[in-house]
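Shown below: protein-v7.cif, with mmCIF, C-alpha atoms and all ligand atoms.
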data_final
loop_
_atom_site.group_PDB
_atom_site.id
_atom_site.type_symbol
_atom_site.label_atom_id
_atom_site.label_comp_id
_atom_site.auth_asym_id
_atom_site.auth_seq_id
_atom_site.Cartn_x
_atom_site.Cartn_y
_atom_site.Cartn_z
ATOM 1 C CA MET A 1 -56.178 21.981 77.018
ATOM 2 C CA LEU A 2 -53.565 20.375 79.243
ATOM 3 C CA SER A 3 -54.954 17.648 81.460
ATOM 4 C CA ASP A 4 -54.651 17.978 85.223
ATOM 5 C CA GLU A 5 -52.136 15.146 85.166
ATOM 6 C CA GLU A 6 -50.014 16.796 82.479
ATOM 7 C CA ARG A 7 -50.120 20.122 84.284
ATOM 8 C CA HIS A 8 -49.209 18.504 87.607
ATOM 9 C CA GLU A 9 -46.240 16.663 86.079
ATOM 10 C CA ILE A 10 -45.028 19.797 84.294
ATOM 11 C CA GLU A 11 -45.311 21.924 87.440
ATOM 12 C CA ALA A 12 -43.263 19.315 89.306
ATOM 13 C CA GLU A 13 -40.639 19.404 86.535
ATOM 14 C CA LEU A 14 -40.474 23.192 86.681
ATOM 15 C CA THR A 15 -39.215 23.052 90.272
ATOM 16 C CA ARG A 16 -36.030 21.399 89.015
ATOM 17 C CA TYR A 17 -35.014 24.284 86.748
ATOM 18 C CA PRO A 18 -33.859 27.854 87.408
ATOM 19 C CA THR A 19 -36.241 29.238 84.760
ATOM 20 C CA ARG A 20 -39.505 28.003 83.292
ATOM 21 C CA ARG A 21 -38.203 28.042 79.732
ATOM 22 C CA ALA A 22 -35.336 25.738 80.727
ATOM 23 C CA ALA A 23 -37.964 23.037 81.238
ATOM 24 C CA SER A 24 -39.425 23.429 77.748
ATOM 25 C CA ILE A 25 -38.141 20.115 76.371
ATOM 26 C CA ASP A 26 -39.222 18.176 79.436
ATOM 27 C CA ALA A 27 -42.645 19.817 79.322
ATOM 28 C CA MET A 28 -43.087 18.785 75.683
ATOM 29 C CA ARG A 29 -41.852 15.283 76.495
ATOM 30 C CA ILE A 30 -44.495 15.019 79.212
ATOM 31 C CA VAL A 31 -47.207 16.001 76.743
ATOM 32 C CA GLN A 32 -45.792 13.554 74.212
ATOM 33 C CA ARG A 33 -45.754 10.743 76.754
ATOM 34 C CA HIS A 34 -49.459 11.292 77.357
ATOM 35 C CA ARG A 35 -50.567 11.934 73.767
ATOM 36 C CA GLY A 36 -47.935 10.323 71.570
ATOM 37 C CA TRP A 37 -47.032 13.624 69.907
ATOM 38 C CA VAL A 38 -47.108 17.400 70.416
ATOM 39 C CA SER A 39 -49.775 19.205 68.421
ATOM 40 C CA ASP A 40 -50.035 22.925 67.623
ATOM 41 C CA GLU A 41 -52.810 23.120 70.184
ATOM 42 C CA ALA A 42 -50.563 21.578 72.837
ATOM 43 C CA LEU A 43 -47.864 24.168 72.066
ATOM 44 C CA ARG A 44 -50.433 26.944 72.498
ATOM 45 C CA ASP A 45 -51.421 25.490 75.874
ATOM 46 C CA LEU A 46 -47.837 25.023 76.997
ATOM 47 C CA ALA A 47 -46.508 28.423 75.939
ATOM 48 C CA PRO A 48 -47.910 30.529 78.815
ATOM 49 C CA LEU A 49 -47.004 27.878 81.368
ATOM 50 C CA ILE A 50 -43.395 27.833 80.167
ATOM 51 C CA GLN A 51 -43.327 31.590 79.549
ATOM 52 C CA MET A 52 -42.269 31.186 75.930
ATOM 53 C CA THR A 53 -44.010 32.090 72.716
ATOM 54 C CA VAL A 54 -45.518 29.345 70.573
ATOM 55 C CA ASP A 55 -42.912 30.077 67.895
ATOM 56 C CA GLU A 56 -40.079 29.731 70.401
ATOM 57 C CA LEU A 57 -41.455 26.406 71.604
ATOM 58 C CA ASP A 58 -41.902 25.237 68.021
ATOM 59 C CA GLY A 59 -38.272 26.172 67.334
ATOM 60 C CA VAL A 60 -37.086 24.054 70.262
ATOM 61 C CA ALA A 61 -39.314 21.166 69.176
ATOM 62 C CA SER A 62 -38.031 21.365 65.600
ATOM 63 C CA PHE A 63 -34.416 21.323 66.761
ATOM 64 C CA TYR A 64 -34.896 18.406 69.135
ATOM 65 C CA ASN A 65 -35.739 15.463 66.909
ATOM 66 C CA MET A 66 -37.269 13.292 69.629
ATOM 67 C CA ILE A 67 -40.271 15.599 69.889
ATOM 68 C CA PHE A 68 -42.874 14.499 67.347
ATOM 69 C CA ARG A 69 -44.844 17.373 65.846
ATOM 70 C CA ARG A 70 -47.099 15.108 63.821
ATOM 71 C CA ALA A 71 -49.240 12.206 64.942
ATOM 72 C CA VAL A 72 -47.276 8.972 65.028
ATOM 73 C CA GLY A 73 -48.204 5.311 65.137
ATOM 74 C CA ARG A 74 -48.385 3.197 68.290
ATOM 75 C CA HIS A 75 -44.691 2.362 67.929
ATOM 76 C CA VAL A 76 -41.990 4.657 66.605
ATOM 77 C CA ILE A 77 -39.023 3.096 64.833
ATOM 78 C CA LEU A 78 -35.951 5.299 64.601
ATOM 79 C CA VAL A 79 -33.264 4.057 62.211
ATOM 80 C CA CYS A 80 -29.890 5.766 62.478
ATOM 81 C CA ASN A 81 -28.602 6.934 59.124
ATOM 82 C CA SER A 82 -25.435 8.667 60.294
ATOM 83 C CA VAL A 83 -22.064 7.714 58.939
ATOM 84 C CA SER A 84 -21.122 4.564 60.921
ATOM 85 C CA CYS A 85 -24.535 3.016 60.500
ATOM 86 C CA TRP A 86 -24.726 4.076 56.880
ATOM 87 C CA MET A 87 -21.412 2.387 56.110
ATOM 88 C CA LEU A 88 -22.633 -0.807 57.779
ATOM 89 C CA GLY A 89 -25.989 -1.141 56.060
ATOM 90 C CA ALA A 90 -28.393 1.492 57.382
ATOM 91 C CA GLY A 91 -29.861 1.871 53.901
ATOM 92 C CA ARG A 92 -30.696 -1.832 53.720
ATOM 93 C CA LEU A 93 -31.961 -1.741 57.307
ATOM 94 C CA LEU A 94 -34.253 1.174 56.492
ATOM 95 C CA ASP A 95 -35.633 -0.681 53.487
ATOM 96 C CA ALA A 96 -36.133 -3.862 55.530
ATOM 97 C CA ALA A 97 -37.794 -1.961 58.383
ATOM 98 C CA ALA A 98 -40.087 -0.172 55.941
ATOM 99 C CA ALA A 99 -41.134 -3.471 54.376
ATOM 100 C CA ALA A 100 -41.651 -5.180 57.743
ATOM 101 C CA ALA A 101 -43.525 -2.250 59.255
ATOM 102 C CA GLY A 102 -45.581 -1.497 56.166
ATOM 103 C CA ALA A 103 -44.605 2.138 56.653
ATOM 104 C CA PRO A 104 -42.767 4.432 54.272
ATOM 105 C CA GLN A 105 -39.627 6.174 55.477
ATOM 106 C CA GLY A 106 -40.819 9.234 57.324
ATOM 107 C CA GLY A 107 -44.378 7.924 57.481
ATOM 108 C CA THR A 108 -46.860 5.740 59.305
ATOM 109 C CA SER A 109 -48.351 2.378 58.383
ATOM 110 C CA ALA A 110 -51.993 2.285 57.313
ATOM 111 C CA ASP A 111 -52.930 0.451 60.516
ATOM 112 C CA ARG A 112 -51.082 3.105 62.549
ATOM 113 C CA ARG A 113 -49.015 0.406 64.228
ATOM 114 C CA PHE A 114 -45.642 1.851 63.196
ATOM 115 C CA THR A 115 -44.056 5.149 62.270
ATOM 116 C CA LEU A 116 -40.633 4.854 60.651
ATOM 117 C CA LEU A 117 -38.194 7.748 60.951
ATOM 118 C CA PRO A 118 -34.580 8.011 59.854
ATOM 119 C CA ILE A 119 -32.600 9.805 62.538
ATOM 120 C CA VAL A 120 -29.106 11.063 63.243
ATOM 121 C CA CYS A 121 -26.633 9.185 65.430
ATOM 122 C CA LEU A 122 -28.191 7.286 68.328
ATOM 123 C CA GLY A 123 -24.883 7.125 70.164
ATOM 124 C CA ALA A 124 -24.089 3.449 69.638
ATOM 125 C CA CYS A 125 -21.842 3.811 66.589
ATOM 126 C CA ASP A 126 -19.604 0.928 67.627
ATOM 127 C CA HIS A 127 -22.599 -1.368 67.273
ATOM 128 C CA ALA A 128 -23.870 -0.159 63.911
ATOM 129 C CA PRO A 129 -26.322 -0.498 62.359
ATOM 130 C CA VAL A 130 -28.661 0.636 65.069
ATOM 131 C CA LEU A 131 -32.366 1.191 65.399
ATOM 132 C CA MET A 132 -34.601 2.144 68.282
ATOM 133 C CA VAL A 133 -38.226 1.187 68.850
ATOM 134 C CA ASP A 134 -40.121 3.122 71.528
ATOM 135 C CA GLY A 135 -36.870 3.853 73.332
ATOM 136 C CA ASP A 136 -35.528 0.272 73.098
ATOM 137 C CA LEU A 137 -32.113 0.370 71.442
ATOM 138 C CA HIS A 138 -31.300 -2.545 69.124
ATOM 139 C CA HIS A 139 -27.743 -2.733 67.851
ATOM 140 C CA ASP A 140 -25.795 -4.787 65.338
ATOM 141 C CA VAL A 141 -29.117 -5.317 63.572
ATOM 142 C CA ASP A 142 -29.061 -7.586 60.542
ATOM 143 C CA PRO A 143 -31.640 -6.257 58.043
ATOM 144 C CA ALA A 144 -32.805 -9.859 57.610
ATOM 145 C CA ASP A 145 -33.912 -9.790 61.262
ATOM 146 C CA ALA A 146 -35.989 -6.601 60.996
ATOM 147 C CA ALA A 147 -39.315 -8.415 60.619
ATOM 148 C CA SER A 148 -38.814 -10.693 63.638
ATOM 149 C CA LEU A 149 -37.590 -7.764 65.704
ATOM 150 C CA LEU A 150 -40.620 -5.634 64.870
ATOM 151 C CA ALA A 151 -43.003 -8.550 65.480
ATOM 152 C CA ARG A 152 -42.367 -7.987 69.214
ATOM 153 C CA TYR A 153 -44.216 -4.684 69.009
ATOM 154 C CA GLU A 154 -47.943 -5.181 68.690
HETATM 155 S S1 LIG A 201 -23.767 6.438 63.495
HETATM 156 FE FE1 LIG A 201 -25.443 5.161 64.014
HETATM 157 S S2 LIG A 201 -25.418 5.119 66.180
HETATM 158 FE FE2 LIG A 201 -23.864 6.538 65.670
#

With the file now loaded, output its structure as structure tokens.
Amino acid sequence: MLSDEERHEIEAELTRYPTRRAASIDAMRIVQRHRGWVSDEALRDLAPLIQMTVDELDGVASFYNMIFRRAVGRHVILVCNSVSCWMLGAGRLLDAAAAAAGAPQGGTSADRRFTLLPIVCLGACDHAPVLMVDGDLHHDVDPADAASLLARYE
């Protein structure tokens, strides 16, 4: 069930859009901000509020890769693996981040501190390789610095 706070925030967001379904991504982002991810149950609760079916909402969530449909760790590391970053060491950065985080690529560390996800272009190609932790963009990252960078995120 949506909390009163979630519902209040979503209703406020709905006033900014011409249709309820246009706010679907923002509504899911609100839920994710409160819970860390968007479960099947959350989609079922959101669907009538947004006037979409659960399948339609799931389709939007699947297309938009910043909506997490599985539980994630306390911190989410996104490592760009698009072409500019790949050419400048994204593979090594992914390996270094996985080792430092204790999380497999696409998975979560045993202590649930980190989830590590490869992702498409983060829009900072001229500063490749790039990774993002909880929305903080880190560019020109040397794989050798991955451990010290991640140590900032308890
Ligand atoms: S290719 Fe990595 S930020 Fe664009």

As a PyMOL selection string, please: every protein or nucleic acid residue near ligand LIG 201 (chain A) (cut-off 12 Å, counting all atoms listed in the file).
chain A and resi 78-91+93+118-132+137-141

In Å to one decimal, how far is CA of Asp111 in chain A from CA of Val31 in chain A?
23.2 Å

Residues near range 13-16 of chain A, anyone? I mean within 10 Å using only C-alpha atoms, not counting same-chain ones fewer than 3 positions away, as a list in words.
Arg7, His8, Glu9, Ile10, Thr19, Arg20, Arg21, Ala22, Ala23, Ser24, Asp26, Ala27, Ile30, Leu49 and Ile50 of chain A

Select, counting all atoms listed in the file, all protein, DNA and RNA residues no farther than 10 Å from (-47.8, 19.6, 71.6) in file coordinates, and express the selection as a PyMOL selection string.
chain A and resi 2+27-32+35-47+57-58+61+67-70

Within 12 Å of file point (-41.3, 4.0, 60.9), counting all atoms listed in the file, expressed as an mmCIF file with C-alpha atoms, in the frame of the given file:
data_model
loop_
_atom_site.group_PDB
_atom_site.id
_atom_site.type_symbol
_atom_site.label_atom_id
_atom_site.label_comp_id
_atom_site.auth_asym_id
_atom_site.auth_seq_id
_atom_site.Cartn_x
_atom_site.Cartn_y
_atom_site.Cartn_z
ATOM 1 C CA VAL A 72 -47.276 8.972 65.028
ATOM 2 C CA GLY A 73 -48.204 5.311 65.137
ATOM 3 C CA ARG A 74 -48.385 3.197 68.290
ATOM 4 C CA HIS A 75 -44.691 2.362 67.929
ATOM 5 C CA VAL A 76 -41.990 4.657 66.605
ATOM 6 C CA ILE A 77 -39.023 3.096 64.833
ATOM 7 C CA LEU A 78 -35.951 5.299 64.601
ATOM 8 C CA VAL A 79 -33.264 4.057 62.211
ATOM 9 C CA CYS A 80 -29.890 5.766 62.478
ATOM 10 C CA LEU A 93 -31.961 -1.741 57.307
ATOM 11 C CA LEU A 94 -34.253 1.174 56.492
ATOM 12 C CA ASP A 95 -35.633 -0.681 53.487
ATOM 13 C CA ALA A 96 -36.133 -3.862 55.530
ATOM 14 C CA ALA A 97 -37.794 -1.961 58.383
ATOM 15 C CA ALA A 98 -40.087 -0.172 55.941
ATOM 16 C CA ALA A 99 -41.134 -3.471 54.376
ATOM 17 C CA ALA A 100 -41.651 -5.180 57.743
ATOM 18 C CA ALA A 101 -43.525 -2.250 59.255
ATOM 19 C CA GLY A 102 -45.581 -1.497 56.166
ATOM 20 C CA ALA A 103 -44.605 2.138 56.653
ATOM 21 C CA PRO A 104 -42.767 4.432 54.272
ATOM 22 C CA GLN A 105 -39.627 6.174 55.477
ATOM 23 C CA GLY A 106 -40.819 9.234 57.324
ATOM 24 C CA GLY A 107 -44.378 7.924 57.481
ATOM 25 C CA THR A 108 -46.860 5.740 59.305
ATOM 26 C CA SER A 109 -48.351 2.378 58.383
ATOM 27 C CA ALA A 110 -51.993 2.285 57.313
ATOM 28 C CA ARG A 112 -51.082 3.105 62.549
ATOM 29 C CA ARG A 113 -49.015 0.406 64.228
ATOM 30 C CA PHE A 114 -45.642 1.851 63.196
ATOM 31 C CA THR A 115 -44.056 5.149 62.270
ATOM 32 C CA LEU A 116 -40.633 4.854 60.651
ATOM 33 C CA LEU A 117 -38.194 7.748 60.951
ATOM 34 C CA PRO A 118 -34.580 8.011 59.854
ATOM 35 C CA ILE A 119 -32.600 9.805 62.538
ATOM 36 C CA LEU A 131 -32.366 1.191 65.399
ATOM 37 C CA MET A 132 -34.601 2.144 68.282
ATOM 38 C CA VAL A 133 -38.226 1.187 68.850
ATOM 39 C CA ASP A 134 -40.121 3.122 71.528
ATOM 40 C CA ALA A 146 -35.989 -6.601 60.996
ATOM 41 C CA LEU A 150 -40.620 -5.634 64.870
#

Between CA of Arg92 in chain A and CA of Ala147 in chain A, what is the spacing in Å?
12.9 Å

Quick one, how far is CA of Asp136 in chain A from CA of Arg152 in chain A?
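That distance, rounded to one decimal, is 11.4 Å.
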
Six-sided padding of 3 Å per side, axis-aligned box over range 83-94 of chain A, centre and edges in Å, one decimal, as AutoDock Vina command-line options:
--center_x -27.7 --center_y 2.9 --center_z 57.3 --size_x 19.1 --size_y 15.5 --size_z 13.2
